[in-house]
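Coordinates from start36.txt are shown below (compact mmCIF, C-alpha atoms and all ligand atoms).
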```
# COMPACT_ATOMS: atom_id res chain seq x y z
CA MET D 1 24.37 -8.79 37.71
CA ASN D 2 22.44 -7.66 34.62
CA ALA D 3 24.03 -7.68 31.16
CA GLN D 4 24.99 -4.00 31.02
CA THR D 5 26.43 -3.98 34.53
CA PHE D 6 28.44 -7.08 33.68
CA ILE D 7 29.82 -5.56 30.46
CA LYS D 8 30.83 -2.39 32.32
CA SER D 9 32.52 -4.32 35.10
CA LEU D 10 34.38 -6.53 32.62
CA GLU D 11 35.56 -3.46 30.71
CA GLU D 12 36.72 -1.99 33.99
CA GLU D 13 38.66 -5.17 34.71
CA VAL D 14 40.19 -5.20 31.22
CA SER D 15 41.20 -1.54 31.41
CA HIS D 16 43.22 -2.26 34.57
CA HIS D 17 44.65 -5.59 33.40
CA GLU D 18 48.44 -5.88 33.54
CA ALA D 19 48.54 -6.86 29.84
CA VAL D 20 47.04 -3.50 28.94
CA HIS D 21 49.62 -1.56 31.00
CA HIS D 22 52.49 -3.99 30.66
CA PRO D 23 56.03 -2.89 31.65
CA PHE D 24 57.02 -3.37 28.00
CA LEU D 25 54.43 -0.79 26.93
CA LYS D 26 55.55 1.64 29.63
CA ARG D 27 59.19 1.26 28.66
CA PHE D 28 58.35 1.63 24.96
CA ALA D 29 56.50 4.86 25.73
CA THR D 30 59.15 6.42 27.94
CA GLU D 31 62.64 5.08 27.19
CA LYS D 32 65.00 6.12 24.44
CA LEU D 33 64.50 3.73 21.50
CA THR D 34 66.69 3.01 18.51
CA LEU D 35 65.20 2.44 15.07
CA LYS D 36 66.25 -1.19 15.36
CA GLN D 37 64.23 -1.61 18.56
CA ILE D 38 61.12 -0.12 16.96
CA GLN D 39 61.61 -2.39 13.95
CA ILE D 40 61.75 -5.47 16.18
CA PHE D 41 58.50 -4.44 17.82
CA GLY D 42 56.93 -3.60 14.44
CA LEU D 43 57.75 -6.94 12.83
CA GLN D 44 56.53 -9.09 15.73
CA HIS D 45 53.35 -7.08 16.13
CA TYR D 46 52.67 -7.37 12.39
CA GLN D 47 52.25 -11.13 12.87
CA LEU D 48 49.24 -10.40 15.10
CA VAL D 49 47.87 -7.66 12.84
CA LYS D 50 47.73 -9.78 9.71
CA ILE D 51 45.90 -12.68 11.35
CA PHE D 52 43.23 -10.83 13.37
CA VAL D 53 40.39 -11.16 10.81
CA ASN D 54 40.87 -14.92 10.86
CA TYR D 55 39.65 -14.96 14.46
CA MET D 56 36.51 -13.21 13.27
CA THR D 57 35.96 -15.56 10.34
CA ASN D 58 36.45 -18.55 12.67
CA LEU D 59 33.92 -17.15 15.09
CA LEU D 60 31.17 -15.76 12.88
CA PRO D 61 29.55 -19.03 11.71
CA LYS D 62 29.21 -20.18 15.32
CA ILE D 63 27.18 -17.17 16.47
CA PRO D 64 23.46 -17.97 16.58
CA ASP D 65 22.20 -14.38 16.12
CA LYS D 66 20.67 -13.73 12.71
CA ASP D 67 22.14 -10.24 12.47
CA ALA D 68 25.68 -11.35 13.39
CA VAL D 69 26.75 -11.22 9.73
CA ALA D 70 25.48 -7.65 9.39
CA LEU D 71 27.18 -6.57 12.62
CA PHE D 72 30.48 -8.23 11.71
CA ARG D 73 30.24 -6.68 8.27
CA THR D 74 30.92 -3.18 9.62
CA VAL D 75 34.10 -4.39 11.30
CA PHE D 76 35.18 -6.42 8.24
CA ASP D 77 34.68 -3.34 6.07
CA ASP D 78 37.12 -1.41 8.25
CA GLU D 79 39.59 -4.30 8.44
CA PHE D 80 39.59 -4.90 4.68
CA GLY D 81 39.70 -1.21 3.86
CA GLN D 82 36.12 -0.92 2.56
CA HIS D 83 36.41 -0.02 -1.11
CA THR D 84 40.13 -0.41 -1.53
CA ILE D 85 42.49 -3.10 -0.32
CA PHE D 86 45.21 -0.43 -0.12
CA ARG D 87 43.62 0.78 3.07
CA SER D 88 43.15 -2.63 4.65
CA HIS D 89 44.58 -2.66 8.15
CA PRO D 90 47.46 -5.00 7.25
CA ALA D 91 48.25 -2.69 4.29
CA LEU D 92 48.29 0.36 6.55
CA TYR D 93 50.53 -1.53 8.92
CA ARG D 94 52.96 -2.43 6.11
CA HIS D 95 53.09 1.28 5.27
CA PHE D 96 54.23 1.84 8.86
CA LEU D 97 56.89 -0.89 8.48
CA LYS D 98 58.13 0.69 5.25
CA SER D 99 58.42 4.07 6.90
CA LEU D 100 60.71 2.39 9.46
CA GLY D 101 63.01 1.54 6.55
CA LEU D 102 61.97 -2.11 6.30
CA GLU D 103 61.72 -3.87 2.96
CA ASP D 104 59.07 -6.38 1.87
CA GLU D 105 61.36 -9.34 2.58
CA ALA D 106 61.72 -8.24 6.20
CA TRP D 107 58.12 -9.02 7.14
CA GLY D 108 58.07 -12.17 5.02
CA ARG D 109 61.18 -13.50 6.67
CA VAL D 110 60.71 -12.52 10.27
CA LYS D 111 61.01 -15.33 12.77
CA PRO D 112 58.15 -15.07 15.25
CA LEU D 113 59.14 -15.14 18.91
CA PRO D 114 57.79 -18.23 20.73
CA GLU D 115 55.31 -15.94 22.52
CA THR D 116 54.09 -14.55 19.19
CA SER D 117 53.48 -18.04 17.78
CA GLN D 118 51.78 -19.18 20.99
CA TYR D 119 49.50 -16.15 20.91
CA ILE D 120 48.41 -16.82 17.34
CA GLU D 121 47.99 -20.57 17.80
CA ALA D 122 45.88 -20.17 20.92
CA HIS D 123 43.69 -17.49 19.37
CA LEU D 124 43.08 -19.50 16.20
CA GLN D 125 42.29 -22.59 18.20
CA GLN D 126 39.99 -20.89 20.72
CA THR D 127 38.03 -18.92 18.13
CA ARG D 128 37.62 -22.12 16.13
CA ASP D 129 36.91 -24.69 18.84
CA ALA D 130 35.69 -22.96 22.01
CA ALA D 131 32.12 -21.82 22.67
CA PHE D 132 31.17 -18.72 20.67
CA LEU D 133 30.93 -16.63 23.83
CA VAL D 134 34.56 -17.40 24.63
CA GLY D 135 35.41 -16.20 21.12
CA LEU D 136 33.37 -13.04 21.57
CA GLY D 137 35.27 -12.37 24.81
CA ILE D 138 38.49 -12.71 22.85
CA VAL D 139 37.70 -10.37 19.96
CA GLY D 140 35.45 -7.91 21.81
CA PRO D 141 36.70 -6.93 25.28
CA ALA D 142 40.24 -8.33 24.87
CA HIS D 143 40.92 -6.82 21.43
CA GLU D 144 38.59 -4.05 20.33
CA PHE D 145 38.11 -2.63 23.81
CA ALA D 146 41.69 -3.13 25.05
CA ILE D 147 43.65 -2.01 22.00
CA PRO D 148 43.12 1.78 22.22
CA SER D 149 44.72 1.86 25.70
CA MET D 150 47.70 -0.26 24.61
CA PHE D 151 48.23 1.73 21.41
CA GLU D 152 48.52 5.02 23.37
CA TYR D 153 51.83 3.71 24.74
CA ILE D 154 53.02 2.62 21.30
CA ILE D 155 52.19 5.97 19.71
CA SER D 156 54.10 7.85 22.46
CA GLY D 157 57.19 5.75 21.78
CA ILE D 158 57.00 6.23 18.00
CA LYS D 159 56.47 9.99 18.29
CA ALA D 160 59.33 10.46 20.75
CA ASN D 161 61.91 8.39 18.88
CA THR D 162 61.28 8.76 15.15
CA THR D 163 60.58 11.45 12.57
CA LEU D 164 57.61 9.49 11.19
CA THR D 165 54.67 11.59 10.01
CA ASP D 166 51.12 11.13 11.30
CA ASP D 167 50.41 9.34 8.05
CA ASP D 168 53.18 6.83 8.64
CA PHE D 169 51.72 5.58 11.92
CA GLU D 170 48.07 6.12 11.01
CA TYR D 171 47.49 2.41 11.67
CA PHE D 172 47.84 3.06 15.40
CA THR D 173 46.00 6.39 15.68
CA MET D 174 43.01 5.23 13.65
CA HIS D 175 42.57 2.17 15.86
CA ILE D 176 42.15 4.36 18.91
CA ILE D 177 38.96 5.67 17.29
CA GLU D 178 37.83 2.67 15.24
CA ASP D 179 38.28 0.02 17.89
CA LYS D 180 36.16 1.97 20.35
CA GLU D 181 33.38 1.80 17.74
CA HIS D 182 34.07 -1.88 17.12
CA ALA D 183 33.83 -2.61 20.85
CA VAL D 184 30.36 -1.04 20.88
CA ILE D 185 29.30 -3.27 17.96
CA PHE D 186 30.53 -6.42 19.70
CA ASN D 187 28.87 -5.36 22.95
CA LYS D 188 25.55 -5.25 21.13
CA LEU D 189 25.91 -8.96 20.41
CA ILE D 190 27.45 -9.78 23.76
CA ALA D 191 24.65 -8.08 25.73
CA ARG D 192 22.08 -10.61 24.48
CA HIS D 193 24.06 -13.55 25.83
CA VAL D 194 25.31 -12.38 29.21
CA GLU D 195 22.03 -12.16 31.10
CA THR D 196 22.98 -15.41 32.81
CA GLU D 197 25.89 -16.15 35.09
CA ALA D 198 26.95 -19.02 32.82
CA GLY D 199 27.13 -16.65 29.85
CA GLN D 200 29.08 -14.08 31.85
CA LYS D 201 31.55 -16.74 32.92
CA GLN D 202 32.29 -17.85 29.35
CA LEU D 203 32.62 -14.34 28.03
CA ARG D 204 35.02 -13.36 30.80
CA GLU D 205 36.98 -16.59 30.33
CA GLY D 206 37.66 -15.68 26.68
CA ALA D 207 38.70 -12.14 27.52
CA MET D 208 41.06 -13.20 30.32
CA LEU D 209 42.57 -16.01 28.27
CA SER D 210 43.37 -13.61 25.45
CA LEU D 211 44.87 -11.05 27.83
CA ALA D 212 47.03 -13.75 29.43
CA TYR D 213 48.50 -14.50 26.00
CA ARG D 214 48.84 -10.76 25.35
CA LYS D 215 50.84 -10.43 28.55
CA LYS D 216 53.16 -13.20 27.38
CA PHE D 217 53.45 -11.52 23.98
CA TRP D 218 54.64 -8.27 25.62
CA GLU D 219 57.05 -10.27 27.79
CA GLY D 220 58.57 -11.76 24.66
CA LEU D 221 58.86 -8.31 23.14
CA GLU D 222 60.40 -6.86 26.27
CA ARG D 223 63.13 -9.48 26.04
CA ALA D 224 63.63 -9.03 22.28
CA VAL D 225 63.50 -5.23 22.27
CA PHE D 226 65.23 -4.32 25.53
CA GLU D 227 67.48 -7.22 26.41
CA SER D 228 68.90 -8.52 23.19
CA ALA D 229 68.81 -5.44 20.96
FE FE F 301 42.12 -3.37 12.71
FE FE F 302 38.88 -3.25 15.38
```
Rewrite the coordinates I just gave you, this time as structure tokens.
Amino acid sequence: MNAQTFIKSLEEEVSHHEAVHHPFLKRFATEKLTLKQIQIFGLQHYQLVKIFVNYMTNLLPKIPDKDAVALFRTVFDDEFGQHTIFRSHPALYRHFLKSLGLEDEAWGRVKPLPETSQYIEAHLQQTRDAAFLVGLGIVGPAHEFAIPSMFEYIISGIKANTTLTDDDFEYFTMHIIEDKEHAVIFNKLIARHVETEAGQKQLREGAMLSLAYRKKFWEGLERAVFESA
């Protein structure tokens, strides 16, 4: 399989993965939700949001391509909010949390679910210690490419169950556009390294590993949001 065919087939696999259409996401999109339930989701998910750039900073020095810094730069600019930290992605996310009535202490104090901690630990460790192609599989196909599909469910649930304005949940809507662009940037790098079967195997391994942890993360949220709320 050539590089482009491989990338397309991996994206196809990711877009049908059970983590991307998890029962939690379907329930969040369609069931009646209380503010408390949305807050529980919001606070756990924030733990993932605030750490994401660390996966990129772990990974970047390991990538052999000379233009990797320049390519990552575009994504970093979006993540850090370009010219103002007030529009960094974690800052936009905290704006969402505030609009749910949460105070600063709430996101400082939140106890991560075991699945949330496991997700973060595994992603930090893999992006730091595994081969760079595994890391690219994690941040590219399993994050940038997968996130728009998952966020569609989240946005439906927020719209149906709150009076939040478009501005309040901008974090989610903007990622549907931005992450599609980020996926294209990562694919540019990925394409050079997946001409071989060995390269394809590593890349896919990273993507599937990340999605397996994502599935567990949604399982944890399903329990916390729907069973103990
Ligand atoms: Fe982001
Ligand atoms: Fe992104």
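The residues sitting within 8 Å of ligand FE 301 (chain F), with all atoms listed in the file considered, come out as Val49, Phe52, Asp78, Glu79, His89, Pro90, Tyr171, His175, Glu178 and Asp179 of chain D.
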Name the residues, by chain letter and number, that sit within 10 Å of ligand FE 302 (chain F) using only C-alpha atoms and all ligand atoms, and give them as a list in words.
-> Phe52, Val53, Thr74, Val75, Phe76, Asp78, Glu79, His89, Val139, Gly140, His143, Glu144, Phe145, Ile147, Pro148, Met174, His175, Ile176, Ile177, Glu178, Asp179, Lys180, Glu181, His182, Ala183, Ile185 and Phe186 of chain D
Contacts of Gly199 in chain D at 12 Å (only C-alpha atoms; same-chain gap of 2+ positions) as a PDB file with C-alpha atoms, in the coordinates of the input:
```
ATOM      1  CA  MET D   1      24.370  -8.790  37.710  1.00  0.00           C
ATOM      2  CA  ASN D   2      22.440  -7.660  34.620  1.00  0.00           C
ATOM      3  CA  ALA D   3      24.030  -7.680  31.160  1.00  0.00           C
ATOM      4  CA  PHE D   6      28.440  -7.080  33.680  1.00  0.00           C
ATOM      5  CA  ILE D   7      29.820  -5.560  30.460  1.00  0.00           C
ATOM      6  CA  ALA D 131      32.120 -21.820  22.670  1.00  0.00           C
ATOM      7  CA  PHE D 132      31.170 -18.720  20.670  1.00  0.00           C
ATOM      8  CA  LEU D 133      30.930 -16.630  23.830  1.00  0.00           C
ATOM      9  CA  VAL D 134      34.560 -17.400  24.630  1.00  0.00           C
ATOM     10  CA  LEU D 136      33.370 -13.040  21.570  1.00  0.00           C
ATOM     11  CA  GLY D 137      35.270 -12.370  24.810  1.00  0.00           C
ATOM     12  CA  ILE D 190      27.450  -9.780  23.760  1.00  0.00           C
ATOM     13  CA  ALA D 191      24.650  -8.080  25.730  1.00  0.00           C
ATOM     14  CA  ARG D 192      22.080 -10.610  24.480  1.00  0.00           C
ATOM     15  CA  HIS D 193      24.060 -13.550  25.830  1.00  0.00           C
ATOM     16  CA  VAL D 194      25.310 -12.380  29.210  1.00  0.00           C
ATOM     17  CA  GLU D 195      22.030 -12.160  31.100  1.00  0.00           C
ATOM     18  CA  THR D 196      22.980 -15.410  32.810  1.00  0.00           C
ATOM     19  CA  GLU D 197      25.890 -16.150  35.090  1.00  0.00           C
ATOM     20  CA  LYS D 201      31.550 -16.740  32.920  1.00  0.00           C
ATOM     21  CA  GLN D 202      32.290 -17.850  29.350  1.00  0.00           C
ATOM     22  CA  LEU D 203      32.620 -14.340  28.030  1.00  0.00           C
ATOM     23  CA  ARG D 204      35.020 -13.360  30.800  1.00  0.00           C
ATOM     24  CA  GLU D 205      36.980 -16.590  30.330  1.00  0.00           C
ATOM     25  CA  GLY D 206      37.660 -15.680  26.680  1.00  0.00           C
TER      26      GLY D 206
END
```
What's the 12 Å shell around Gln47 in chain D, counting all atoms listed in the file, without same-chain residues fewer than 3 positions away, as number ranges by chain?
-> D: 40-44, 50-52, 90, 93-94, 106-121, 217
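Reported to one decimal place, the separation of CA of Lys215 in chain D from CA of Glu227 in chain D is 17.1 Å.
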With a distance cut-off of 9 Å and all atoms listed in the file, select the neighbouring residues of Tyr55 in chain D, excluding the residue or stretch itself and same-chain residues fewer than 5 positions from it, and output the selection as number ranges by chain.
-> D: 60, 123-128, 135, 138-139
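The closest residue to Lys26 in chain D, picked from D:Tyr153, D:Glu219, D:Lys188, D:Arg73 and counting all atoms listed in the file, is D:Tyr153.
You will find CA of Leu100 in chain D at 17.3 Å from CA of Phe151 in chain D.
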Could you list, as a compact mmCIF listing (two decimals) with C-alpha atoms, in the coordinates of the input, every residue within 10 Å of Val225 in chain D, counting only C-alpha atoms and ignoring same-chain residues fewer than 2 positions away?
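Output (selection_16.txt):
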```
# COMPACT_ATOMS: atom_id res chain seq x y z
CA PHE D 24 57.02 -3.37 28.00
CA PHE D 28 58.35 1.63 24.96
CA LEU D 33 64.50 3.73 21.50
CA THR D 34 66.69 3.01 18.51
CA LYS D 36 66.25 -1.19 15.36
CA GLN D 37 64.23 -1.61 18.56
CA ILE D 38 61.12 -0.12 16.96
CA GLN D 39 61.61 -2.39 13.95
CA ILE D 40 61.75 -5.47 16.18
CA PHE D 41 58.50 -4.44 17.82
CA TRP D 218 54.64 -8.27 25.62
CA GLU D 219 57.05 -10.27 27.79
CA GLY D 220 58.57 -11.76 24.66
CA LEU D 221 58.86 -8.31 23.14
CA GLU D 222 60.40 -6.86 26.27
CA ARG D 223 63.13 -9.48 26.04
CA GLU D 227 67.48 -7.22 26.41
CA SER D 228 68.90 -8.52 23.19
CA ALA D 229 68.81 -5.44 20.96
```
